[in-house]
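S.K.: Pasting a structure below so you can have a look.
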Amino acid sequence: MNFVITLEKERIDSLEELGKKMYLHEDASEKLLTSPKFLKFLKEYDIDKYNKLIEVNHKAREHEEFVFLAQYIFSPVMNIRHHGYQFNSLKELGDKIISFGPEIDVYLKDFLKYKLLSQYMVLMGFDKREVLTYKKVLELEKLFQENENKAYFLLGFVLSNCGIITYWNKSYSDVDLFFKEMVIDNNVVSYSSLLEKNQYVISWLTYLGYQEKIDYYQSIINSIQTLEENYERRTKVSKMEK
Amino acid sequence: MRNLEKGLLLAELIDPSLTSKEQIENLVDWIRKQDAYLQLVKSMMEIKKSSSFLATILYEEFSLINLDQVQSIEEGLIAYSKILYLCQIAIPNFYVNPLLVLNEKERKIPLGQILIKFNEKYITLDELSLDNSFSFNEKYDFINNKVNDWEDEVYTRIIEPIKELNKKNNRNLPKIKVLPFSYLLTGLIYFVEIVLMIFLYFFGSNKIKELLFHFNFSSYLEVNYFLIIFLSFSALSLLFLLFNITIRFIKYNKYRKARKIIINNEGNISKTVNKAGDKLTAYLIKNIEKHELLKKKVFSFSSCYYIFDYVTYLFYVNYKCKKIKDNTMKIIHKILFIITETFFVMFIFLLIFRMI
């Protein structure tokens, strides 16, 4: 290969190596892959990869998606890699999501946001080998449009395939024990303030099969919130009229 | 609501024993301090003064909320949601019935500001009129149904009690005349007697005049005495008669009016109610079709409110039926009449005897 590729001052010796290292320097990778010089080189060097790259460029809605998919053009057989993370299995990805809980990693969110995970599964043939998981991922991508955080944490539980929640660096498998600790004076305010916001606990309970209780809980909360909004609005209107 | 209760609610739904009594009391205290709760309590004081069905229902709903008996976060939040819900509708604009408004405050509400539930939302009649997202037919059907509901309420509160009153009217709600026949007759008799006295004074023979009108108390002329007594009692009876008639007029005026309007008049009252309903429907439909505001005040259509007043009054009278029965004034009148006429007869008898 007589074209010199550098990514963030690191010399790349082959296209395959480029594919393997793109996840470490996504911005630089995007610049490179869209540069006329590189595209000219690629067209002459490997027309097949060039065509695939153009196709991905047209298809991808955001640059994160473009870079993610492009890396598999240059290195087709590769584990999951994105924004500095690499995972050898879907379970590893799931475990990572849960390990951060209740915090959310915005880059891990990309797997649902830009549908990177479902596209990876199709590329690697997981859509045919792990049909149920693939269907679940598609469902979660849909759910992400309505409730990002719930979909994100549910993905973690589904992929990790274990009903253990990690909260403030402590792991809980027993639901009662978890809540017993959360309602004590030291924890209750922080736990309550995060509950609706990040949906972590709700996702966990949903995964464990407490959907009916979650639905009932949600109906009470939503009803009160709507009524409060109506009350605030009416109070404002009547103050203005006075 | 606070995030704290969200966290506690979820924990409690998983395991009811996880929330403490203190946390529940804390929630109840918080609810009692909320503007919505304070406003609702104030609204309920006003609602008690209203005559409408909806007002009664709202008050009953409020009575069912008992914060002292809240035993869990779930119960507390459900009570709180009920408070918020009632708060938005426990206002005169929602519970007023334009066909039957007794409350002075409610009578001034513009029709357009009446709150209704349309398509699962609470909006005013003005908003319904101005809304272009619904067809006229949908609005027309809704208005017809709503006015029918208001009419039904009037029927229940007025027509049904009238039917009941009509069943009892003979026994407990007798007809009372301000000027009964007996009073008229006694008045006539007194009048004739006074005319007779005047006739005797002007046209009587000298002997009669001397017997009747020359008062000489040094000699005992019984005719004079009986004449004086008769005249005194006549005057007293007449005054008493006039006084009694005046009292009867004042005392029984409302009763007579109420009885005249209510008893055996069910058909006319039903027509009045229907007419009022039709008038209201016509006004609403006309303005809604043109997407105009409904500026007329509620009292323009409340033609039945005075009937309600009379119905309530007659029910009270029916309950206290003894109060309408003939009273002691009539007995006193009879006694006075008898005494007066006795002295008159004695006077005439003595006069004739003296003349002979």
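Going by the structure tokens order, chains are called A, B, ..., each with residues numbered from 1, while ligands are numbered from 1 in the order shown.
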Specify as a list of chain:residue names all residues of chain A found within 6 Å of chain B, counting only C-alpha atoms.
M.R.: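 Listing them in order of chain and number gives A:Phe179, A:Val189, A:Ser192, A:Ser193, A:Ile224, A:Leu227.
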S.K.: Provide the atom CA of A:Phe68 to atom CA of A:Tyr120 distance in Å, to one decimal place.
M.R.: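 Atom CA of A:Tyr120 lies at a distance of 8.9 Å from atom CA of A:Phe68.
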S.K.: So that I can see what lies close to stretch 92-103 of chain A, please list as number ranges by chain the residues with an atom at most 12 Å from it, counting only C-alpha atoms and leaving out residues fewer than 5 positions away in the same chain.
M.R.: A: 79-82, 85-87, 108-111, 117, 137, 149-172, 190-204
S.K.: Once you have the residues from the selection above, write them out as a short mmCIF file (atom, residue, chain, number, x, y, z; two decimals), in the first residue's frame, restricted to C-alpha atoms.
M.R.:
data_model
loop_
_atom_site.label_atom_id
_atom_site.label_comp_id
_atom_site.auth_asym_id
_atom_site.auth_seq_id
_atom_site.Cartn_x
_atom_site.Cartn_y
_atom_site.Cartn_z
CA ASN A 79 -15.51 -7.65 17.94
CA ILE A 80 -17.72 -4.75 18.98
CA ARG A 81 -15.77 -1.52 18.98
CA HIS A 82 -16.96 2.01 19.54
CA TYR A 85 -14.71 0.62 24.03
CA GLN A 86 -14.29 -2.94 22.81
CA PHE A 87 -16.39 -5.92 23.73
CA LEU A 108 -22.72 3.21 25.14
CA LYS A 109 -26.08 4.85 24.47
CA ASP A 110 -25.02 5.20 20.85
CA PHE A 111 -25.59 1.46 20.33
CA LEU A 117 -25.84 -2.86 17.75
CA VAL A 137 -32.53 -5.28 20.39
CA ASN A 149 -32.76 5.70 29.55
CA LYS A 150 -35.15 2.84 30.11
CA ALA A 151 -34.18 1.28 26.78
CA TYR A 152 -30.51 1.79 27.56
CA PHE A 153 -30.59 0.01 30.91
CA LEU A 154 -32.91 -2.69 29.66
CA LEU A 155 -30.35 -3.39 26.98
CA GLY A 156 -27.77 -3.85 29.70
CA PHE A 157 -29.92 -6.34 31.60
CA VAL A 158 -30.96 -8.23 28.47
CA LEU A 159 -27.41 -8.61 27.16
CA SER A 160 -25.88 -9.41 30.54
CA ASN A 161 -28.66 -11.95 31.04
CA CYS A 162 -28.64 -11.72 34.80
CA GLY A 163 -31.00 -9.94 37.12
CA ILE A 164 -28.34 -8.32 39.25
CA ILE A 165 -28.34 -4.56 39.66
CA THR A 166 -25.22 -2.63 40.52
CA TYR A 167 -26.05 0.54 42.41
CA TRP A 168 -23.40 2.83 43.83
CA ASN A 169 -20.83 0.06 43.35
CA LYS A 170 -22.86 -2.49 45.25
CA SER A 171 -24.58 -5.44 43.63
CA TYR A 172 -28.09 -6.63 44.54
CA SER A 190 -30.71 10.46 46.18
CA TYR A 191 -32.33 7.21 45.10
CA SER A 192 -35.74 8.93 44.66
CA SER A 193 -34.31 11.85 42.69
CA LEU A 194 -32.67 9.47 40.18
CA LEU A 195 -35.56 7.05 39.92
CA GLU A 196 -37.64 8.75 37.23
CA LYS A 197 -34.72 10.55 35.65
CA ASN A 198 -32.50 7.62 34.72
CA GLN A 199 -35.01 4.76 34.80
CA TYR A 200 -32.34 2.35 36.04
CA VAL A 201 -34.33 0.72 38.81
CA ILE A 202 -37.48 0.69 36.70
CA SER A 203 -35.61 -1.09 33.89
CA TRP A 204 -34.31 -3.65 36.37
#
S.K.: Would you please give, as a ChimeraX atom specification, all residues of stretch 10-221 of chain A that DSSP assigns to strand (DSSP E or B) based on the backbone?
M.R.: /A:10-12,80-82,85-87,165-167,170-172
S.K.: For N, CA, C and O atoms, I'd like the residues from the last selection saved as a short mmCIF file (atom, residue, chain, number, x, y, z; two decimals), in the first residue's frame.
M.R.:
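For reference, result.cif as written:
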data_model
loop_
_atom_site.label_atom_id
_atom_site.label_comp_id
_atom_site.auth_asym_id
_atom_site.auth_seq_id
_atom_site.Cartn_x
_atom_site.Cartn_y
_atom_site.Cartn_z
N GLU A 10 -0.56 8.51 14.61
CA GLU A 10 -0.15 7.09 14.65
C GLU A 10 -0.15 6.54 13.23
O GLU A 10 -1.12 6.69 12.49
N ARG A 11 0.90 5.92 12.83
CA ARG A 11 1.03 5.39 11.47
C ARG A 11 0.25 4.08 11.36
O ARG A 11 0.33 3.19 12.20
N ILE A 12 -0.52 3.99 10.27
CA ILE A 12 -1.33 2.78 10.01
C ILE A 12 -0.77 2.11 8.77
O ILE A 12 -0.59 2.76 7.73
N ILE A 80 -16.97 -6.02 18.93
CA ILE A 80 -17.72 -4.75 18.98
C ILE A 80 -16.77 -3.66 19.44
O ILE A 80 -16.14 -3.79 20.50
N ARG A 81 -16.67 -2.60 18.61
CA ARG A 81 -15.77 -1.52 18.98
C ARG A 81 -16.45 -0.19 18.74
O ARG A 81 -17.02 0.04 17.67
N HIS A 82 -16.37 0.68 19.73
CA HIS A 82 -16.96 2.01 19.54
C HIS A 82 -16.43 2.96 20.60
O HIS A 82 -16.46 2.66 21.79
N TYR A 85 -14.28 1.86 23.39
CA TYR A 85 -14.71 0.62 24.03
C TYR A 85 -14.56 -0.55 23.07
O TYR A 85 -14.82 -0.40 21.88
N GLN A 86 -14.17 -1.72 23.62
CA GLN A 86 -14.29 -2.94 22.81
C GLN A 86 -14.85 -4.07 23.65
O GLN A 86 -14.52 -4.20 24.83
N PHE A 87 -15.70 -4.84 23.03
CA PHE A 87 -16.39 -5.92 23.73
C PHE A 87 -16.31 -7.18 22.88
O PHE A 87 -16.62 -7.16 21.70
N ILE A 165 -28.50 -6.00 39.85
CA ILE A 165 -28.34 -4.56 39.66
C ILE A 165 -27.13 -4.09 40.44
O ILE A 165 -26.89 -4.54 41.56
N THR A 166 -26.35 -3.24 39.81
CA THR A 166 -25.22 -2.63 40.52
C THR A 166 -25.57 -1.18 40.79
O THR A 166 -25.84 -0.42 39.87
N TYR A 167 -25.63 -0.82 42.04
CA TYR A 167 -26.05 0.54 42.41
C TYR A 167 -25.04 1.11 43.38
O TYR A 167 -24.83 0.56 44.46
N LYS A 170 -22.44 -1.31 44.48
CA LYS A 170 -22.86 -2.49 45.25
C LYS A 170 -23.86 -3.27 44.41
O LYS A 170 -24.71 -2.68 43.74
N SER A 171 -23.71 -4.59 44.45
CA SER A 171 -24.58 -5.44 43.63
C SER A 171 -25.72 -6.03 44.46
O SER A 171 -25.51 -6.43 45.60
N TYR A 172 -26.91 -6.08 43.86
CA TYR A 172 -28.09 -6.63 44.54
C TYR A 172 -28.78 -7.61 43.58
O TYR A 172 -29.03 -7.28 42.42
#
S.K.: Could you tell me which of B:Ile162, B:Val195, B:Leu173, B:Leu238 comes closest to B:Asn264 if we count only C-alpha atoms?
M.R.: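 So, comparing all the options, the nearest one is B:Ile162.
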S.K.: Please, what distance in Å, to one decimal, runs between atom CA of A:Val77 and atom CA of A:Leu123?
M.R.: 9.2 Å
S.K.: Nearest to A:Glu146 among A:Val237, A:Tyr207, A:Phe66, A:Lys113, with distances taken over only C-alpha atoms: which residue is it?
M.R.: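 Of A:Val237, A:Tyr207, A:Phe66, A:Lys113, the one nearest A:Glu146, counting only C-alpha atoms, is A:Lys113.
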S.K.: Run DSSP on the backbone and give me the residues of stretch 162-261 of chain B it puts in alpha helix (DSSP H), as a ChimeraX atom specification.
M.R.: /B:162-172,181-203,206-213,222-261
S.K.: Name all residues at most 12 Å from stretch 106-110 of chain B (count only C-alpha atoms; drop same-chain ones fewer than 4 positions away) and give them as an MDAnalysis selection string.
M.R.: chainID B and resid 46:47 49:52 55 91:102 114:115 124:126 293:303 305
S.K.: Limited to C-alpha atoms, could you put the picked residues into a file as a CSV table (one decimal), in the first residue's frame?
M.R.:
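again_9.csv, written as the output of this step:
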chain,number,residue,atom,x,y,z
B,46,GLU,CA,-68.9,27.9,48.7
B,47,ILE,CA,-70.2,24.6,47.2
B,49,LYS,CA,-74.4,27.2,49.3
B,50,SER,CA,-75.1,25.9,45.8
B,51,SER,CA,-78.3,24.2,44.8
B,52,SER,CA,-77.0,22.1,41.9
B,55,ALA,CA,-72.3,20.6,43.7
B,91,ILE,CA,-65.7,25.8,41.0
B,92,PRO,CA,-69.1,27.4,40.3
B,93,ASN,CA,-68.4,27.6,36.6
B,94,PHE,CA,-68.5,23.8,36.5
B,95,TYR,CA,-71.3,22.9,38.9
B,96,VAL,CA,-73.7,25.7,38.1
B,97,ASN,CA,-77.0,24.7,36.4
B,98,PRO,CA,-78.1,27.7,34.3
B,99,LEU,CA,-81.7,26.7,34.5
B,100,LEU,CA,-81.8,26.7,38.3
B,101,VAL,CA,-79.4,29.2,39.9
B,102,LEU,CA,-80.3,30.4,43.4
B,114,ILE,CA,-69.3,27.5,32.2
B,115,LEU,CA,-66.9,24.6,32.3
B,124,THR,CA,-65.4,26.4,28.7
B,125,LEU,CA,-68.4,26.8,26.4
B,126,ASP,CA,-66.6,29.7,24.8
B,293,LEU,CA,-68.6,34.1,22.5
B,294,LEU,CA,-71.5,33.4,24.8
B,295,LYS,CA,-71.7,36.7,26.7
B,296,LYS,CA,-75.1,36.4,28.3
B,297,LYS,CA,-75.1,35.8,32.0
B,298,VAL,CA,-76.5,32.7,33.5
B,299,PHE,CA,-79.4,34.4,35.3
B,300,SER,CA,-81.0,35.2,31.8
B,301,PHE,CA,-82.0,31.6,31.6
B,302,SER,CA,-82.7,30.8,35.2
B,303,SER,CA,-86.5,31.2,35.1
B,305,TYR,CA,-85.3,29.5,40.5
S.K.: Can you list, as a list in words, every protein, DNA or RNA residue that comes within 9 Å of A:His83 when you count only C-alpha atoms, leaving out same-chain residues fewer than 6 positions away?
M.R.: Met22, Tyr23, Leu24, His25, Glu26, Glu64, Phe68, Tyr107 and Leu108 of chain A
S.K.: So what do you get for atom CA of A:Ser14 versus atom CA of A:Leu42, distance-wise?
M.R.: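 We find that atom CA of A:Ser14 and atom CA of A:Leu42 lie 11.7 Å from each other.
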S.K.: What lies within 12 Å of A:Glu55 using only C-alpha atoms, ignoring chain neighbours under 5 positions off, as number ranges by chain?
M.R.: A: 48-50, 60-61, 66, 69-70, 73
S.K.: Near stretch 283-290 of chain B, within 9 Å and counting only C-alpha atoms, which residues show up once chain neighbours fewer than 3 positions away are dropped, as a PDB file with N, CA, C and O atoms, in the first residue's frame?
M.R.:
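Final output, result_24.pdb:
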ATOM      1  N   LEU B 111     -72.363  32.797  30.518  1.00  0.00           N
ATOM      2  CA  LEU B 111     -72.633  31.445  30.023  1.00  0.00           C
ATOM      3  C   LEU B 111     -71.392  30.841  29.371  1.00  0.00           C
ATOM      4  O   LEU B 111     -71.115  29.657  29.502  1.00  0.00           O
ATOM      5  N   LEU B 125     -67.523  26.786  27.590  1.00  0.00           N
ATOM      6  CA  LEU B 125     -68.435  26.828  26.443  1.00  0.00           C
ATOM      7  C   LEU B 125     -67.891  27.772  25.361  1.00  0.00           C
ATOM      8  O   LEU B 125     -68.079  27.539  24.176  1.00  0.00           O
ATOM      9  N   ASP B 126     -67.202  28.832  25.790  1.00  0.00           N
ATOM     10  CA  ASP B 126     -66.572  29.736  24.807  1.00  0.00           C
ATOM     11  C   ASP B 126     -65.523  28.987  23.992  1.00  0.00           C
ATOM     12  O   ASP B 126     -65.446  29.132  22.769  1.00  0.00           O
ATOM     13  N   LEU B 128     -65.411  25.848  23.430  1.00  0.00           N
ATOM     14  CA  LEU B 128     -66.115  24.911  22.550  1.00  0.00           C
ATOM     15  C   LEU B 128     -66.611  25.646  21.304  1.00  0.00           C
ATOM     16  O   LEU B 128     -66.498  25.152  20.182  1.00  0.00           O
ATOM     17  N   SER B 129     -67.129  26.853  21.536  1.00  0.00           N
ATOM     18  CA  SER B 129     -67.677  27.627  20.425  1.00  0.00           C
ATOM     19  C   SER B 129     -66.590  28.001  19.419  1.00  0.00           C
ATOM     20  O   SER B 129     -66.798  27.948  18.207  1.00  0.00           O
ATOM     21  N   LEU B 130     -65.406  28.369  19.960  1.00  0.00           N
ATOM     22  CA  LEU B 130     -64.340  28.843  19.074  1.00  0.00           C
ATOM     23  C   LEU B 130     -63.525  27.716  18.454  1.00  0.00           C
ATOM     24  O   LEU B 130     -62.785  27.932  17.504  1.00  0.00           O
ATOM     25  N   PHE B 136     -69.780  20.843  13.716  1.00  0.00           N
ATOM     26  CA  PHE B 136     -70.931  21.464  14.358  1.00  0.00           C
ATOM     27  C   PHE B 136     -71.876  20.393  14.902  1.00  0.00           C
ATOM     28  O   PHE B 136     -72.450  20.544  15.971  1.00  0.00           O
ATOM     29  N   LYS B 139     -70.848  19.160  18.250  1.00  0.00           N
ATOM     30  CA  LYS B 139     -71.123  20.163  19.277  1.00  0.00           C
ATOM     31  C   LYS B 139     -72.636  20.225  19.550  1.00  0.00           C
ATOM     32  O   LYS B 139     -73.066  20.355  20.697  1.00  0.00           O
ATOM     33  N   TYR B 140     -73.401  20.139  18.484  1.00  0.00           N
ATOM     34  CA  TYR B 140     -74.869  20.208  18.592  1.00  0.00           C
ATOM     35  C   TYR B 140     -75.385  19.080  19.494  1.00  0.00           C
ATOM     36  O   TYR B 140     -76.190  19.295  20.398  1.00  0.00           O
ATOM     37  N   ILE B 143     -74.419  19.712  23.114  1.00  0.00           N
ATOM     38  CA  ILE B 143     -75.208  20.778  23.753  1.00  0.00           C
ATOM     39  C   ILE B 143     -76.610  20.269  24.109  1.00  0.00           C
ATOM     40  O   ILE B 143     -77.118  20.512  25.215  1.00  0.00           O
ATOM     41  N   ASN B 144     -77.206  19.531  23.181  1.00  0.00           N
ATOM     42  CA  ASN B 144     -78.545  18.988  23.447  1.00  0.00           C
ATOM     43  C   ASN B 144     -78.543  18.092  24.674  1.00  0.00           C
ATOM     44  O   ASN B 144     -79.415  18.191  25.551  1.00  0.00           O
ATOM     45  N   ASP B 278     -85.402  25.143  26.066  1.00  0.00           N
ATOM     46  CA  ASP B 278     -85.365  25.400  24.613  1.00  0.00           C
ATOM     47  C   ASP B 278     -84.679  26.728  24.321  1.00  0.00           C
ATOM     48  O   ASP B 278     -83.897  26.843  23.372  1.00  0.00           O
ATOM     49  N   LYS B 279     -84.993  27.726  25.146  1.00  0.00           N
ATOM     50  CA  LYS B 279     -84.405  29.063  24.951  1.00  0.00           C
ATOM     51  C   LYS B 279     -82.886  28.989  25.102  1.00  0.00           C
ATOM     52  O   LYS B 279     -82.126  29.559  24.314  1.00  0.00           O
ATOM     53  N   LEU B 280     -82.460  28.237  26.128  1.00  0.00           N
ATOM     54  CA  LEU B 280     -81.019  28.095  26.379  1.00  0.00           C
ATOM     55  C   LEU B 280     -80.339  27.357  25.231  1.00  0.00           C
ATOM     56  O   LEU B 280     -79.300  27.786  24.732  1.00  0.00           O
ATOM     57  N   LEU B 293     -68.644  34.220  21.013  1.00  0.00           N
ATOM     58  CA  LEU B 293     -68.590  34.066  22.471  1.00  0.00           C
ATOM     59  C   LEU B 293     -70.003  34.142  23.053  1.00  0.00           C
ATOM     60  O   LEU B 293     -70.870  34.817  22.517  1.00  0.00           O
ATOM     61  N   LEU B 294     -70.180  33.450  24.189  1.00  0.00           N
ATOM     62  CA  LEU B 294     -71.502  33.420  24.833  1.00  0.00           C
ATOM     63  C   LEU B 294     -71.477  34.406  25.992  1.00  0.00           C
ATOM     64  O   LEU B 294     -71.058  34.073  27.095  1.00  0.00           O
TER      65      LEU B 294
END
